[in-house]
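Right, one structure below, let's go through it.
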Amino acid sequence: MVDLTKKPYYLTNEQVQWIQEKQASMSLDEKIGQLFFVIGQDEDQVDINQFIQKYQPGGMMYRPAEAKKIQRELASAQATSDIPLFFSANLESGGNGIISEGTWFGNPLQIAATDDPSQAYELGNVAGYEASQVGCNMSFSPIVDIDKNFRNPITNTRTFGSDQERVIKMAEAQLKGLQDNDILPVIKHFPGDGVDERDQHLLSTVNSLSADEWMTSYGKIYQTFIDQGISSIMIGHILQPAWERKLYPEIPDADLRPASASKLLIDGLLRQTLGFNGLTITDATPMIGYNAILPRKDLLPVTINAGIDMILFNKNIDEDYTFIRQAVENGTLTLERIDEAVTRILGTKMAHGLFGPEAKPKETVQLKTEEHAEKAAIAAKKSVTLVKDRAQLLPLSVERYPRIRLVVLGDSDNGGFKEGGKVTDIFQQNLQSLGFDVTLFDRNQLNFHEIFEEGVAEMEEKFDLALYIANVETASNQTTTRLDWIHLMAADAPWFMKSIPTIFVSTANPYHLFDIPAVSTYINAYTGNKESIEATIRKMTGEEAFEGIHPVDPFCGDTLTHL
């Protein structure tokens with residue numbers, strides 16, 4: 001059984017006895033409910049009180065909405081639930097992960113580019129404060145993945161980079177900022193994303209490191225946080241074949257499984273080898289990377305039997321609950337295993353103070369929006385990174401380049417659950433306010449003479465400098481974050497870059513040099529928020545120096561990108 005008096009719980013004997021008595025009084029349906037971490041319910045579509053009474057879930061995860069609405073929904077659910085709920089959100093980049101008015105402080109890779117743990121602390125502090133104001137008590141962050149593969153479309157700016165030591169020190173600081181606001185951090189995504197170049201939303205991905213390589217990289221990160229007492233870990237739909245084979249040398253290839261369904265990786269590697277006794281939560285189970293493992297009716301019980309305590313999200317919630325109930329009835333899933341999971345759930349809630357009077361929701365919301373925006377501006381100032389300026393095109397001035405052609409790539413809503421930054425208007429308006437004549441390239445009204453017949457001289461008659469902005473955001477359910485030029489003759493690509501000064505700025509993916517290696521000047525801003533755009537313009541115009549360091553290799557290991 002789980003010893004709740006030890007790490008990471010440290011409960012008193014009285015608290016342990018209270019949990020034991022509470023658990024003994026629970027029905028099977030109540031225990032099954034605790035296993036599920038459901039999607040946050042919208043009061044405009046569902047009677048939240050009835051939903052809680054019917055399903056009795058252990059937790060709810062919310063996507064961003066207006067603060068007062070989120071506060072009202074969370075307070076209603078908490079008041080109805082017999083057992084306090086975990087309320088979580090993806091507070092990876094700021095309070096905007098839970099409320100629409102929240103601060104988009106900066107993507108983790110931007111914070112890593114400051115090389116300053118105090119900025120990571122403020123990321124957690126700002127996000128944690130804003131989330132706590134509306135009743136959120138848990139964060140699915142920090143992300144402790146390592147961005148090893150520049151082609152990966154889902155880690156990228158969501159990570160603290162490719163240096164595991166920087167990942168550790170930044171995640172430690174972000175975690176502290178969350179905890180100082182009574183937000184329970186959940187590190188993710190065990191056994192580690194960022195090696196594969198695919199997205200676990202679309203298929204089960206692979207951490208292909210050897211067992212020894214894993215232990216000195218991802219394993220070192222997880223061991224560090226386990227030793228420090230991290231209470232909860234999110235489990236990804238990611239295979240780690242080397243460790244499954246190390247623990248079971250005869251395992252057939254067909255039996256290799258992602259961690260979210262692997263007893264070898266959870267009970268074996270995570271719990272026995274690394275010594276983790278805390279709460280395990282799957283990543284979202286509607287992902288194809290989860291549902292492609294086994295039929296869902298078999299997969300949900302397999303997940304609990306693997307040593308995982310909570311299942312994040314449902315497809316059909318009634319069906320999912322039935323699958324677990326049937327597994328108990330036919331003996332596939334034992335009551336002993338369910339009780340072990342529920343013990344960890346209740347123990348984590350007790351250790352985090354959810355059963356105490358201090359867990360009551362706040363009556364008013366105070367967001368400190370201006371103060372937090374100022375903190376985000378400091379992070380932006382310290383992070384924007386000059387990758388190269390071969391022809392010394394910087395600094396920009398109206399005298400040197402009075403007419404600018406502005407070409408914006410990305411800036412779309414395609415892809416799932418983006419941060420939502422749109423950069424076009426902010427760049428154009430800020431440059432115009434400095435006196436530049438800015439002409440925006442219109443992708444929807446192409447000039448066919450320009451595409452097929454125009455030469456350098458005609459281009460020079462129209463603009464003095466081409467400024468390319470790529471806002472190709474990391475997002476779920478997309479297979480690439482590469483540059484995608486207009487398919488008709490790459491009409492928006494800078495074929496003229498050797499003749500006319502051309503500057504490329506990325507406000508998201510730091511690896512675009514791979515697709516435009518010949519460009520003279522390249523800048524990484526990492527985040528498409530207002531503060532980062534304004535800092536980028538100040539640095540391009542020479543008002544302030546570039547301070548950011550490279551948290552990843554922006555040259556992608558390609559000699560041509562250095563030229």
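By order in the structure tokens, chains are A, B, ...; within a chain, residues start at 1; ligands start at 1, following the order shown.
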
Practice item. Find the residues around segment 265-275 of chain A up to 6 Å (only C-alpha atoms counted), leave out those fewer than 3 positions away in its own chain, and share them as number ranges by chain. Key: A: 223, 259, 262, 307

Point to revise | Residue contacts of Trp214 of chain A (12 Å, only C-alpha atoms) excluding same-chain residues fewer than 6 positions away, as a list of chain:residue names | key: A:Asp145, A:Ile146, A:Gln164, A:Phe190, A:Pro191, A:Gly192, A:Asp193, A:Val195, A:Asn207, A:Ser208, A:Lys220, A:Ile221, A:Tyr222, A:Gln223, A:Gln240, A:Pro241, A:Ala242, A:Trp243, A:Lys246, A:Leu269

Practice item. Find the residues near Ala254 of chain A: any atom within 12 Å, counting only C-alpha atoms, skip ones fewer than 3 places away on the same chain, and give them as number ranges by chain. Key: A: 241, 250-251, 257-258, 293-294

Study note, to complete from the structure: Nearest to Ala373 of chain A, restricted to only C-alpha atoms and choosing among A:Phe105, A:Phe160, A:Tyr129, A:Tyr522, comes out as A:Phe105

Exercise for review: Could you pull out the residues in segment 300-414 of chain A that DSSP calls helix (DSSP H, G or I) from the backbone, as a PyMOL selection string?
Suggested key: chain A and resi 300-305+317-329+335-351+357-359+369-383

Taking a cut-off of 9 Å and counting only C-alpha atoms, can you build a table that, for each residue of segment 126-209 of chain A near segment 73-92 of chain A, reports the nearest atom pair and how far apart they are in Å (one decimal), sorted by chain then residue number, as CSV?
residue,atom,partner,partner_atom,distance
A:Ala127,CA,A:Leu91,CA,6.1
A:Gly128,CA,A:Leu91,CA,7.7
A:Ala131,CA,A:Leu91,CA,8.1
A:Val134,CA,A:Leu74,CA,7.5
A:Gly135,CA,A:Leu74,CA,6.2
A:Cys136,CA,A:Phe87,CA,5.0
A:Asn137,CA,A:Phe87,CA,5.4
A:Met138,CA,A:Ser88,CA,4.4
A:Ser139,CA,A:Ser88,CA,5.1
A:Phe140,CA,A:Asn90,CA,5.0
A:Ser141,CA,A:Glu92,CA,5.5
A:Pro142,CA,A:Glu92,CA,6.3
A:Ile143,CA,A:Glu92,CA,7.2
A:Arg158,CA,A:Glu92,CA,7.3
A:Ile183,CA,A:Ser88,CA,8.9
A:Leu184,CA,A:Ser88,CA,8.7

Filtering to C-alpha atoms, could you give me those residues as a PDB file, in the first residue's frame?
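Result saved to selection21.pdb:
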ATOM      1  CA  ALA A 127       0.636  32.337 -13.984  1.00  0.00           C
ATOM      2  CA  GLY A 128       0.080  30.918 -10.516  1.00  0.00           C
ATOM      3  CA  ALA A 131      -4.876  31.053 -11.845  1.00  0.00           C
ATOM      4  CA  VAL A 134     -10.247  32.051 -10.190  1.00  0.00           C
ATOM      5  CA  GLY A 135      -9.942  28.870  -8.099  1.00  0.00           C
ATOM      6  CA  CYS A 136      -7.407  26.891 -10.110  1.00  0.00           C
ATOM      7  CA  ASN A 137      -5.228  24.733  -7.833  1.00  0.00           C
ATOM      8  CA  MET A 138      -3.073  22.703 -10.247  1.00  0.00           C
ATOM      9  CA  SER A 139      -0.919  23.363 -13.305  1.00  0.00           C
ATOM     10  CA  PHE A 140       0.019  20.929 -16.045  1.00  0.00           C
ATOM     11  CA  SER A 141       3.506  22.445 -16.103  1.00  0.00           C
ATOM     12  CA  PRO A 142       6.458  22.853 -15.966  1.00  0.00           C
ATOM     13  CA  ILE A 143       7.333  21.044 -19.173  1.00  0.00           C
ATOM     14  CA  ARG A 158       7.090  24.846 -25.166  1.00  0.00           C
ATOM     15  CA  ILE A 183      -0.693  25.850  -7.358  1.00  0.00           C
ATOM     16  CA  LEU A 184       0.265  22.182  -7.505  1.00  0.00           C
TER      17      LEU A 184
END

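Distance-wise, atom CA of Asn444 of chain A and atom CA of Gln478 of chain A end up 23.0 Å apart.
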
Practice item. Please give the complete set of residues from segment 54-189 of chain A that DSSP, run on the backbone, assigns to strand (DSSP E or B), formatted as a ChimeraX atom specification. Key: /A:59-61,65,86-89,94,99,104,138-139,143,184-185,187-189

Saved selection, atoms kept: N, CA and C atoms, as a short mmCIF file (atom, residue, chain, number, x, y, z; two decimals), in the first residue's frame:
data_model
loop_
_atom_site.label_atom_id
_atom_site.label_comp_id
_atom_site.auth_asym_id
_atom_site.auth_seq_id
_atom_site.Cartn_x
_atom_site.Cartn_y
_atom_site.Cartn_z
N GLY A 59 -10.98 15.38 -10.89
CA GLY A 59 -10.42 16.66 -11.31
C GLY A 59 -11.06 17.14 -12.60
N MET A 60 -10.86 18.42 -12.88
CA MET A 60 -11.34 19.03 -14.13
C MET A 60 -10.25 19.94 -14.66
N MET A 61 -10.04 19.90 -15.97
CA MET A 61 -9.08 20.79 -16.62
C MET A 61 -9.83 21.77 -17.51
N ALA A 65 -11.08 31.00 -20.61
CA ALA A 65 -12.34 31.73 -20.79
C ALA A 65 -12.27 32.97 -19.90
N PHE A 86 -9.36 18.58 -8.11
CA PHE A 86 -8.25 19.26 -8.75
C PHE A 86 -8.82 20.12 -9.88
N PHE A 87 -8.41 21.37 -9.95
CA PHE A 87 -8.74 22.21 -11.09
C PHE A 87 -7.43 22.61 -11.75
N SER A 88 -7.21 22.13 -12.96
CA SER A 88 -5.94 22.36 -13.62
C SER A 88 -6.11 23.10 -14.93
N ALA A 89 -4.98 23.61 -15.42
CA ALA A 89 -4.91 24.27 -16.73
C ALA A 89 -3.47 24.17 -17.20
N GLY A 94 1.90 31.34 -18.97
CA GLY A 94 1.31 32.45 -18.23
C GLY A 94 -0.12 32.16 -17.83
N ILE A 99 -7.34 31.92 -18.14
CA ILE A 99 -8.31 33.01 -18.36
C ILE A 99 -7.90 33.86 -19.56
N TRP A 104 0.01 36.66 -21.06
CA TRP A 104 0.86 35.77 -21.85
C TRP A 104 2.28 36.20 -21.54
N MET A 138 -4.06 23.62 -9.67
CA MET A 138 -3.07 22.70 -10.25
C MET A 138 -2.65 23.22 -11.61
N SER A 139 -1.43 22.97 -11.99
CA SER A 139 -0.92 23.36 -13.30
C SER A 139 -0.28 22.17 -13.99
N ILE A 143 6.93 22.03 -18.18
CA ILE A 143 7.33 21.04 -19.17
C ILE A 143 8.82 20.78 -18.98
N LEU A 184 -0.44 23.46 -7.51
CA LEU A 184 0.26 22.18 -7.50
C LEU A 184 0.85 21.92 -8.89
N PRO A 185 2.18 21.86 -9.05
CA PRO A 185 2.78 21.64 -10.37
C PRO A 185 2.75 20.16 -10.76
N ILE A 187 4.78 17.97 -13.55
CA ILE A 187 5.78 17.99 -14.62
C ILE A 187 5.40 16.99 -15.71
N LYS A 188 5.83 17.27 -16.93
CA LYS A 188 5.42 16.44 -18.07
C LYS A 188 6.45 16.53 -19.19
N HIS A 189 6.50 15.56 -20.14
CA HIS A 189 5.61 14.45 -20.41
C HIS A 189 6.45 13.16 -20.33
#

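Put simply, atom CA of Asp309 of chain A is 26.2 Å away from atom CA of Asp196 of chain A.
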
Name the residues in contact with His512 of chain A at a cut-off of 8 Å, using only C-alpha atoms, excluding same-chain residues fewer than 6 positions from it; report them as a PDB file with C-alpha atoms, in the first residue's frame.
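Produced file result_30.pdb, reproduced below:
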ATOM      1  CA  ARG A 482       8.234  24.493 -41.121  1.00  0.00           C
ATOM      2  CA  LEU A 483       7.927  27.491 -43.449  1.00  0.00           C
ATOM      3  CA  SER A 506      10.739  34.488 -35.963  1.00  0.00           C
ATOM      4  CA  PRO A 554      19.140  27.801 -34.291  1.00  0.00           C
TER       5      PRO A 554
END

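For the pair atom CA of Glu547 of chain A and atom CA of Asn149 of chain A, the separation is 24.8 Å.
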
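The closest residue to Ser383 of chain A, picked from A:Ile281, A:Met489, A:Ile523, A:Ile32 and counting only C-alpha atoms, is A:Ile523.
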
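The smallest atom-to-atom distance between Asp44 of chain A and any of A:Ile70, A:Ile345, A:Ala120, A:Val328, using only C-alpha atoms, is found for A:Ile70.
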
Exercise for review: Compile the contact shell of segment 537-546 of chain A as a VMD selection string: residues with an atom at most 6 Å away, counting only C-alpha atoms, same-chain residues fewer than 2 positions apart removed.
Suggested key: chain A and resid 385 395 to 396 534 to 535

Could you take the residues named above and write them with all heavy atoms, as a PDB file, in the first residue's frame?
ATOM      1  N   THR A 385      16.886  37.315 -29.332  1.00  0.00           N
ATOM      2  CA  THR A 385      18.229  36.843 -29.654  1.00  0.00           C
ATOM      3  C   THR A 385      18.586  37.136 -31.108  1.00  0.00           C
ATOM      4  O   THR A 385      17.849  36.753 -32.026  1.00  0.00           O
ATOM      5  CB  THR A 385      18.321  35.320 -29.413  1.00  0.00           C
ATOM      6  OG1 THR A 385      17.838  35.014 -28.103  1.00  0.00           O
ATOM      7  CG2 THR A 385      19.749  34.829 -29.554  1.00  0.00           C
ATOM      8  N   PRO A 395      21.696  48.591 -37.289  1.00  0.00           N
ATOM      9  CA  PRO A 395      20.299  48.879 -36.912  1.00  0.00           C
ATOM     10  C   PRO A 395      19.499  49.476 -38.070  1.00  0.00           C
ATOM     11  O   PRO A 395      20.061  50.084 -38.987  1.00  0.00           O
ATOM     12  CB  PRO A 395      20.467  49.887 -35.780  1.00  0.00           C
ATOM     13  CG  PRO A 395      21.730  50.617 -36.129  1.00  0.00           C
ATOM     14  CD  PRO A 395      22.631  49.589 -36.740  1.00  0.00           C
ATOM     15  N   LEU A 396      18.195  49.321 -37.991  1.00  0.00           N
ATOM     16  CA  LEU A 396      17.292  49.948 -38.957  1.00  0.00           C
ATOM     17  C   LEU A 396      17.103  51.418 -38.610  1.00  0.00           C
ATOM     18  O   LEU A 396      17.057  51.787 -37.450  1.00  0.00           O
ATOM     19  CB  LEU A 396      15.914  49.270 -38.932  1.00  0.00           C
ATOM     20  CG  LEU A 396      15.829  47.760 -39.154  1.00  0.00           C
ATOM     21  CD1 LEU A 396      14.363  47.344 -39.214  1.00  0.00           C
ATOM     22  CD2 LEU A 396      16.561  47.335 -40.403  1.00  0.00           C
ATOM     23  N   GLU A 534       7.515  44.439 -29.304  1.00  0.00           N
ATOM     24  CA  GLU A 534       8.045  45.778 -29.033  1.00  0.00           C
ATOM     25  C   GLU A 534       9.533  45.719 -28.701  1.00  0.00           C
ATOM     26  O   GLU A 534      10.317  46.587 -29.129  1.00  0.00           O
ATOM     27  CB  GLU A 534       7.248  46.425 -27.906  1.00  0.00           C
ATOM     28  CG  GLU A 534       5.821  46.771 -28.326  1.00  0.00           C
ATOM     29  CD  GLU A 534       4.983  47.322 -27.191  1.00  0.00           C
ATOM     30  OE1 GLU A 534       5.417  47.205 -26.028  1.00  0.00           O
ATOM     31  OE2 GLU A 534       3.889  47.855 -27.469  1.00  0.00           O
ATOM     32  N   ALA A 535       9.958  44.690 -27.957  1.00  0.00           N
ATOM     33  CA  ALA A 535      11.382  44.532 -27.645  1.00  0.00           C
ATOM     34  C   ALA A 535      12.179  44.255 -28.921  1.00  0.00           C
ATOM     35  O   ALA A 535      13.290  44.790 -29.093  1.00  0.00           O
ATOM     36  CB  ALA A 535      11.574  43.395 -26.636  1.00  0.00           C
TER      37      ALA A 535
END

Exercise for review: For Glu399 of chain A, work out the shell of residues within 12 Å, counting only C-alpha atoms and skipping chain neighbours fewer than 3 positions away, then give it as JSON, numbers by chain.
Suggested key: {"A": [395, 396, 402, 403, 404, 434, 435, 436, 437, 464, 465, 541]}
